[in-house]
$ cat input_7.pdb   # PDB, C-alpha atoms
MODEL        1
ATOM      1  CA  MET A   1      61.248  11.642  43.974  1.00  0.00           C
ATOM      2  CA  LYS A   2      59.541   8.509  45.281  1.00  0.00           C
ATOM      3  CA  ASP A   3      57.291   6.539  42.972  1.00  0.00           C
ATOM      4  CA  LYS A   4      53.542   6.776  43.355  1.00  0.00           C
ATOM      5  CA  ILE A   5      51.750   4.443  45.745  1.00  0.00           C
ATOM      6  CA  SER A   6      49.938   1.964  43.508  1.00  0.00           C
ATOM      7  CA  ILE A   7      46.454   0.983  44.651  1.00  0.00           C
ATOM      8  CA  VAL A   8      43.879  -1.633  43.689  1.00  0.00           C
ATOM      9  CA  LEU A   9      40.263  -0.909  44.682  1.00  0.00           C
ATOM     10  CA  VAL A  10      37.838  -3.782  45.169  1.00  0.00           C
ATOM     11  CA  ASP A  11      34.179  -3.172  45.977  1.00  0.00           C
ATOM     12  CA  ASP A  12      31.082  -4.716  44.445  1.00  0.00           C
ATOM     13  CA  HIS A  13      29.507  -1.273  43.964  1.00  0.00           C
ATOM     14  CA  SER A  14      31.067   0.588  41.039  1.00  0.00           C
ATOM     15  CA  ILE A  15      29.830   3.937  42.350  1.00  0.00           C
ATOM     16  CA  VAL A  16      31.808   3.381  45.573  1.00  0.00           C
ATOM     17  CA  ARG A  17      34.938   2.487  43.579  1.00  0.00           C
ATOM     18  CA  ASP A  18      34.432   5.537  41.352  1.00  0.00           C
ATOM     19  CA  GLY A  19      34.070   7.830  44.361  1.00  0.00           C
ATOM     20  CA  ILE A  20      37.181   6.530  46.106  1.00  0.00           C
ATOM     21  CA  LYS A  21      39.130   6.577  42.858  1.00  0.00           C
ATOM     22  CA  TYR A  22      38.124  10.211  42.301  1.00  0.00           C
ATOM     23  CA  LEU A  23      39.310  11.151  45.803  1.00  0.00           C
ATOM     24  CA  LEU A  24      42.605   9.314  45.422  1.00  0.00           C
ATOM     25  CA  GLU A  25      43.421  10.578  41.946  1.00  0.00           C
ATOM     26  CA  GLU A  26      43.436  14.152  43.241  1.00  0.00           C
ATOM     27  CA  GLU A  27      46.608  13.139  45.107  1.00  0.00           C
ATOM     28  CA  GLU A  28      49.625  13.245  42.806  1.00  0.00           C
ATOM     29  CA  ASN A  29      51.524  10.504  44.653  1.00  0.00           C
ATOM     30  CA  LEU A  30      48.659   7.964  44.598  1.00  0.00           C
ATOM     31  CA  GLU A  31      47.600   5.941  41.570  1.00  0.00           C
ATOM     32  CA  VAL A  32      44.705   3.512  41.188  1.00  0.00           C
ATOM     33  CA  ILE A  33      46.071   0.802  38.879  1.00  0.00           C
ATOM     34  CA  GLY A  34      43.301  -1.791  39.100  1.00  0.00           C
ATOM     35  CA  GLU A  35      39.707  -2.378  40.137  1.00  0.00           C
ATOM     36  CA  GLY A  36      37.626  -5.423  40.978  1.00  0.00           C
ATOM     37  CA  SER A  37      34.185  -6.303  42.261  1.00  0.00           C
ATOM     38  CA  ASN A  38      34.766  -9.390  44.455  1.00  0.00           C
ATOM     39  CA  GLY A  39      37.385 -11.168  46.518  1.00  0.00           C
ATOM     40  CA  LEU A  40      38.386 -13.605  43.781  1.00  0.00           C
ATOM     41  CA  GLU A  41      39.138 -10.684  41.445  1.00  0.00           C
ATOM     42  CA  ALA A  42      41.137  -9.036  44.244  1.00  0.00           C
ATOM     43  CA  ILE A  43      43.367 -12.104  44.575  1.00  0.00           C
ATOM     44  CA  LYS A  44      43.988 -12.221  40.800  1.00  0.00           C
ATOM     45  CA  LEU A  45      44.666  -8.474  40.586  1.00  0.00           C
ATOM     46  CA  VAL A  46      47.161  -8.542  43.459  1.00  0.00           C
ATOM     47  CA  GLU A  47      48.873 -11.612  42.027  1.00  0.00           C
ATOM     48  CA  ASN A  48      49.116 -10.120  38.523  1.00  0.00           C
ATOM     49  CA  ILE A  49      50.004  -6.478  39.175  1.00  0.00           C
ATOM     50  CA  GLN A  50      51.478  -6.488  42.719  1.00  0.00           C
ATOM     51  CA  PRO A  51      50.140  -3.102  43.884  1.00  0.00           C
ATOM     52  CA  ASP A  52      51.519  -1.424  46.987  1.00  0.00           C
ATOM     53  CA  MET A  53      48.047  -1.366  48.490  1.00  0.00           C
ATOM     54  CA  LEU A  54      44.686  -3.095  48.291  1.00  0.00           C
ATOM     55  CA  ILE A  55      41.611  -1.254  49.513  1.00  0.00           C
ATOM     56  CA  ILE A  56      38.846  -3.831  49.747  1.00  0.00           C
ATOM     57  CA  ASP A  57      35.229  -3.983  50.887  1.00  0.00           C
ATOM     58  CA  VAL A  58      34.224  -6.545  53.506  1.00  0.00           C
ATOM     59  CA  ARG A  59      30.959  -7.831  52.055  1.00  0.00           C
ATOM     60  CA  MET A  60      30.988  -8.873  48.410  1.00  0.00           C
ATOM     61  CA  PRO A  61      29.709 -11.747  46.289  1.00  0.00           C
ATOM     62  CA  LYS A  62      31.806 -14.841  45.472  1.00  0.00           C
ATOM     63  CA  MET A  63      34.396 -14.151  48.203  1.00  0.00           C
ATOM     64  CA  ASN A  64      34.357 -11.497  50.910  1.00  0.00           C
ATOM     65  CA  GLY A  65      37.186  -9.064  51.505  1.00  0.00           C
ATOM     66  CA  ILE A  66      38.436 -10.675  54.697  1.00  0.00           C
ATOM     67  CA  GLU A  67      38.777 -14.091  53.031  1.00  0.00           C
ATOM     68  CA  ALA A  68      40.565 -12.463  50.088  1.00  0.00           C
ATOM     69  CA  VAL A  69      43.023 -10.619  52.368  1.00  0.00           C
ATOM     70  CA  LYS A  70      43.694 -13.838  54.273  1.00  0.00           C
ATOM     71  CA  ALA A  71      44.411 -15.683  51.002  1.00  0.00           C
ATOM     72  CA  ILE A  72      46.611 -12.855  49.674  1.00  0.00           C
ATOM     73  CA  ASN A  73      48.640 -12.721  52.890  1.00  0.00           C
ATOM     74  CA  LYS A  74      49.423 -16.434  52.579  1.00  0.00           C
ATOM     75  CA  THR A  75      51.346 -15.624  49.391  1.00  0.00           C
ATOM     76  CA  PRO A  76      54.679 -13.806  49.156  1.00  0.00           C
ATOM     77  CA  THR A  77      53.449 -10.262  48.487  1.00  0.00           C
ATOM     78  CA  LYS A  78      54.396  -6.691  49.255  1.00  0.00           C
ATOM     79  CA  THR A  79      50.753  -5.606  48.976  1.00  0.00           C
ATOM     80  CA  LYS A  80      49.290  -4.175  52.170  1.00  0.00           C
ATOM     81  CA  SER A  81      45.527  -4.329  52.703  1.00  0.00           C
ATOM     82  CA  ILE A  82      43.009  -1.907  54.129  1.00  0.00           C
ATOM     83  CA  ILE A  83      39.496  -3.192  54.764  1.00  0.00           C
ATOM     84  CA  LEU A  84      36.800  -0.678  53.897  1.00  0.00           C
ATOM     85  CA  SER A  85      33.367  -1.281  55.359  1.00  0.00           C
ATOM     86  CA  MET A  86      30.133   0.331  56.389  1.00  0.00           C
ATOM     87  CA  HIS A  87      30.075  -2.148  59.294  1.00  0.00           C
ATOM     88  CA  ASP A  88      31.772  -1.417  62.605  1.00  0.00           C
ATOM     89  CA  SER A  89      30.907  -4.881  63.876  1.00  0.00           C
ATOM     90  CA  GLU A  90      33.393  -6.321  66.326  1.00  0.00           C
ATOM     91  CA  GLU A  91      33.338  -9.649  64.453  1.00  0.00           C
ATOM     92  CA  TYR A  92      34.429  -8.099  61.119  1.00  0.00           C
ATOM     93  CA  ILE A  93      37.103  -5.995  62.767  1.00  0.00           C
ATOM     94  CA  LEU A  94      38.630  -8.897  64.690  1.00  0.00           C
ATOM     95  CA  GLU A  95      38.460 -11.184  61.630  1.00  0.00           C
ATOM     96  CA  SER A  96      40.245  -8.472  59.625  1.00  0.00           C
ATOM     97  CA  ILE A  97      43.015  -8.325  62.209  1.00  0.00           C
ATOM     98  CA  ASP A  98      43.288 -12.128  62.160  1.00  0.00           C
ATOM     99  CA  ALA A  99      43.567 -11.977  58.346  1.00  0.00           C
ATOM    100  CA  ASN A 100      46.520  -9.565  58.790  1.00  0.00           C
ATOM    101  CA  ALA A 101      44.799  -6.570  57.253  1.00  0.00           C
ATOM    102  CA  MET A 102      46.913  -3.494  57.958  1.00  0.00           C
ATOM    103  CA  GLY A 103      43.923  -1.216  58.395  1.00  0.00           C
ATOM    104  CA  TYR A 104      40.172  -0.961  58.774  1.00  0.00           C
ATOM    105  CA  LEU A 105      38.201   2.090  57.702  1.00  0.00           C
ATOM    106  CA  LEU A 106      34.519   2.849  57.736  1.00  0.00           C
ATOM    107  CA  LYS A 107      32.959   4.030  54.478  1.00  0.00           C
ATOM    108  CA  ASP A 108      31.831   7.247  56.141  1.00  0.00           C
ATOM    109  CA  SER A 109      35.479   8.214  56.776  1.00  0.00           C
ATOM    110  CA  SER A 110      36.606  11.625  55.569  1.00  0.00           C
ATOM    111  CA  LYS A 111      39.024  12.046  52.686  1.00  0.00           C
ATOM    112  CA  ALA A 112      41.660  13.183  55.195  1.00  0.00           C
ATOM    113  CA  GLU A 113      41.251   9.988  57.210  1.00  0.00           C
ATOM    114  CA  ILE A 114      41.392   7.765  54.117  1.00  0.00           C
ATOM    115  CA  LEU A 115      44.623   9.478  53.048  1.00  0.00           C
ATOM    116  CA  LYS A 116      46.065   9.214  56.559  1.00  0.00           C
ATOM    117  CA  ALA A 117      45.262   5.482  56.559  1.00  0.00           C
ATOM    118  CA  ILE A 118      46.905   4.952  53.161  1.00  0.00           C
ATOM    119  CA  TYR A 119      50.113   6.777  54.121  1.00  0.00           C
ATOM    120  CA  THR A 120      50.254   5.122  57.556  1.00  0.00           C
ATOM    121  CA  VAL A 121      49.776   1.615  56.159  1.00  0.00           C
ATOM    122  CA  ASN A 122      52.180   2.282  53.280  1.00  0.00           C
ATOM    123  CA  SER A 123      54.861   3.159  55.835  1.00  0.00           C
ATOM    124  CA  GLY A 124      54.387  -0.275  57.423  1.00  0.00           C
ATOM    125  CA  GLU A 125      52.187   0.690  60.367  1.00  0.00           C
ATOM    126  CA  LYS A 126      48.628  -0.399  61.084  1.00  0.00           C
ATOM    127  CA  TYR A 127      45.723   2.033  60.920  1.00  0.00           C
ATOM    128  CA  PHE A 128      42.311   1.720  62.514  1.00  0.00           C
ATOM    129  CA  SER A 129      39.945   4.688  62.703  1.00  0.00           C
ATOM    130  CA  GLY A 130      39.071   5.999  66.170  1.00  0.00           C
ATOM    131  CA  ASP A 131      35.790   4.101  66.535  1.00  0.00           C
ATOM    132  CA  ILE A 132      37.468   0.903  65.373  1.00  0.00           C
ATOM    133  CA  SER A 133      40.359   1.419  67.804  1.00  0.00           C
ATOM    134  CA  ASN A 134      37.867   1.613  70.673  1.00  0.00           C
ATOM    135  CA  ILE A 135      36.373  -1.748  69.685  1.00  0.00           C
ATOM    136  CA  ILE A 136      39.847  -3.321  69.490  1.00  0.00           C
ATOM    137  CA  VAL A 137      40.929  -1.905  72.861  1.00  0.00           C
ATOM    138  CA  ASN A 138      37.678  -2.992  74.516  1.00  0.00           C
ATOM    139  CA  ASN A 139      38.142  -6.500  73.108  1.00  0.00           C
ATOM    140  CA  LEU A 140      41.725  -6.665  74.398  1.00  0.00           C
ATOM    141  CA  LEU A 141      40.653  -5.406  77.809  1.00  0.00           C
ATOM    142  CA  LYS A 142      37.874  -7.980  77.905  1.00  0.00           C
ATOM    143  CA  LYS A 143      40.365 -10.751  77.045  1.00  0.00           C
ATOM    144  CA  SER A 144      42.781  -9.415  79.657  1.00  0.00           C
ATOM    145  CA  THR A 145      40.050  -9.407  82.302  1.00  0.00           C
ATOM    146  CA  ASP A 146      38.976 -12.918  81.303  1.00  0.00           C
ATOM    147  CA  THR A 147      42.510 -14.313  81.623  1.00  0.00           C
ATOM    148  CA  THR A 148      43.312 -12.524  84.884  1.00  0.00           C
ATOM    149  CA  SER A 149      40.037 -13.519  86.528  1.00  0.00           C
ATOM    150  CA  GLU A 150      40.411 -17.178  85.497  1.00  0.00           C
ATOM    151  CA  PRO A 151      43.432 -17.993  87.710  1.00  0.00           C
ATOM    152  CA  GLN A 152      41.782 -16.266  90.669  1.00  0.00           C
ATOM    153  CA  THR A 153      38.734 -18.456  90.238  1.00  0.00           C
ATOM    154  CA  LYS A 154      40.929 -21.586  90.184  1.00  0.00           C
ATOM    155  CA  LYS A 155      42.864 -20.374  93.238  1.00  0.00           C
ATOM    156  CA  GLU A 156      39.644 -19.654  95.104  1.00  0.00           C
ATOM    157  CA  SER A 157      38.280 -23.103  94.291  1.00  0.00           C
ATOM    158  CA  ASN A 158      41.557 -24.662  95.525  1.00  0.00           C
ATOM    159  CA  ASN A 159      41.291 -22.742  98.789  1.00  0.00           C
ATOM    160  CA  ILE A 160      37.730 -23.924  99.223  1.00  0.00           C
ATOM    161  CA  ALA A 161      38.732 -27.523  98.445  1.00  0.00           C
ATOM    162  CA  SER A 162      41.573 -27.444 101.015  1.00  0.00           C
ATOM    163  CA  GLU A 163      39.425 -26.063 103.823  1.00  0.00           C
TER     164      GLU A 163
ENDMDL
END

$ encode --input "input_7.pdb" --output "structure tokens"
Amino acid sequence: MKDKISIVLVDDHSIVRDGIKYLLEEEENLEVIGEGSNGLEAIKLVENIQPDMLIIDVRMPKMNGIEAVKAINKTPTKTKSIILSMHDSEEYILESIDANAMGYLLKDSSKAEILKAIYTVNSGEKYFSGDISNIIVNNLLKKSTDTTSEPQTKKESNNIASE
């Protein structure tokens, strides 16, 4: 039988950590092996205990979750990160992707969705909840439209200049 998926939880609200830990510990193949309350603690925990997964809040004192994930991913680590947030802001989501977070979940996600995210990310795939996926797709489409409309504008201005 495969070993348990080891998880570190980092959130500045202990009640949030306790709630997530309670949900996860009901699963026999998941184990919370460390907890922290800010990004600096997250970096130290990952460095010291090398969990399979880090579930980390975006907004925290001392260092936010995105900065911590970015710093962790610059080190040789097997730890995969899921950002957990109450914010579905496009800026946070895109910064999380840039930091190489493997997933982004909203704090109002169901237990089933949290578990699906953990198993998906643990298998090496990325996971973004439905609402988050829409923001990502819309951003990509916007970028695609911006880049395809740019050459047309240049071409049109060249045609005007040559007339």

$ residues_near_point --input "input_7.pdb" --point "(41.6, 5.6, 59.2)" --cutoff "9 Å" --atoms "only C-alpha atoms" --output "ChimeraX atom specification"
/A:103-106,109-110,112-118,120,127-130,132

$ resolve_selection --input "input_7.pdb" --expression "the PyMOL selection byres ((chain A and resi 36) around 10)" --output "list of chain:residue names"
A:Val8, A:Leu9, A:Val10, A:Asp11, A:Asp12, A:His13, A:Ser14, A:Arg17, A:Gly34, A:Glu35, A:Ser37, A:Asn38, A:Gly39, A:Leu40, A:Glu41, A:Ala42, A:Ile43, A:Lys44, A:Leu45, A:Ile56

$ closest_residue --input "input_7.pdb" --among "A:Lys80, A:Lys142, A:Lys70, A:Lys21" --to "Val121 (chain A)" --atoms "all atoms listed in the file"
A:Lys80

$ closest_residue --input "input_7.pdb" --among "A:Leu23, A:Leu54, A:Thr75, A:Glu28" --to "Asp3 (chain A)" --atoms "all atoms listed in the file"
A:Glu28

$ closest_residue --input "input_7.pdb" --among "A:Ile33, A:Met60, A:Ala99, A:Ile135" --to "Asn48 (chain A)" --atoms "all atoms listed in the file"
A:Ile33

$ residues_around --input "input_7.pdb" --residues "Gln50 (chain A)" --least-positions-apart "6" --cutoff "8 Å" --atoms "only C-alpha atoms" --output "list in words"
Thr77, Lys78 and Thr79 of chain A

$ atom_distance --input "input_7.pdb" --atom1 "CA of Gly65 (chain A)" --atom2 "CA of Ile20 (chain A)"
16.5 Å

$ atom_distance --input "input_7.pdb" --atom1 "CA of Ile5 (chain A)" --atom2 "CA of Glu25 (chain A)"
11.0 Å

$ closest_residue --input "input_7.pdb" --among "A:Val32, A:Ile7, A:Ile49, A:Ile97" --to "Ile66 (chain A)" --atoms "all atoms listed in the file"
A:Ile97

$ closest_residue --input "input_7.pdb" --among "A:Lys62, A:Tyr22, A:Asp108, A:Val46" --to "Ser81 (chain A)" --atoms "only C-alpha atoms"
A:Val46

$ atom_distance --input "input_7.pdb" --atom1 "CA of Lys126 (chain A)" --atom2 "CA of Asn138 (chain A)"
17.5 Å
